[in-house]
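**Student:** There's a structure below that I have some questions on.
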Amino acid sequence: MNKISYYYIMSFPTTTDAMQAEKYMKEHFHITIMPTPREISSGCGLAIRFMEPHENAILDFVQTAPLNGTLYKMYTHKVNGLHPIEKLL
């Protein structure tokens with residue numbers, strides 16, 4: 001079985017944005033609320049992690065959903081003590 005070396009998270013400028021996004025997104029994806037990783041600066045301390053790595057489905061959803069957040073791909077391995085991140089949207 002291949003171990004996934006990355007996951008997708010969405011950060012938000014406010015806690016209200018995060019809570020509204022959670023309510024909306026849990027109808028479409030298996031997600032969890034988590035603290036915003038230190039590698040990402042955000043106005044809010046909450047982020048949403050997508051539990052399955054379906055990049056095309058996540059990208060399509062985020063581009064059309066009424067969400068106020070930023071989507072990242074975060075790698076599980078550390079480089080110089082930090083997880084590499086890639087801003088997607």
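Every chain in the structure tokens takes a letter, A first, then B, and so on in the order presented; its residues are numbered from 1, and the ligands are numbered from 1 following the presented order.
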If you run DSSP on the backbone here, which positions in chain A get strand (DSSP E or B)? Please write them as a PyMOL selection string.
**Tutor:** chain A and resi 6-11+31-35+46-50+70-75+79+82+85-87
**Student:** Region 15-24 of chain A: which residues within 12 Å, counting only C-alpha atoms, same-chain residues fewer than 4 positions away excluded, as a PyMOL selection string?
**Tutor:** chain A and resi 9-11+28-36+42-50+61-62+65-70
**Student:** Choose the residue, out of A:Leu71, A:His77, A:Phe12, A:Ser5, that has the smallest atom-to-atom separation from Leu89 (chain A); count only C-alpha atoms.
**Tutor:** A:Leu71
**Student:** Expressed in Å to a single decimal, how great is the separation between CA of Ser41 (chain A) and CA of Tyr6 (chain A)?
**Tutor:**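 Distance reported for this atom pair: 18.7 Å.
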**Student:** I need the residues in chain A that are helix (DSSP H, G or I) according to DSSP; give them as a PyMOL selection string.
**Tutor:** chain A and resi 15-25+55-64
**Student:** Record the distance separating CA of Leu88 (chain A) and CA of Thr64 (chain A), expressed in Å with one decimal.
**Tutor:** 14.2 Å
**Student:** So what do you get for CA of Pro37 (chain A) versus CA of Leu82 (chain A), distance-wise?
**Tutor:**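 These atoms are spaced 9.6 Å apart.
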**Student:** Nearest residue to Glu86 (chain A) out of A:Ile58, A:Met25, A:Ile40, A:Met51, using only C-alpha atoms?
**Tutor:**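 Smallest distance to Glu86 (chain A) is found for A:Ile40.
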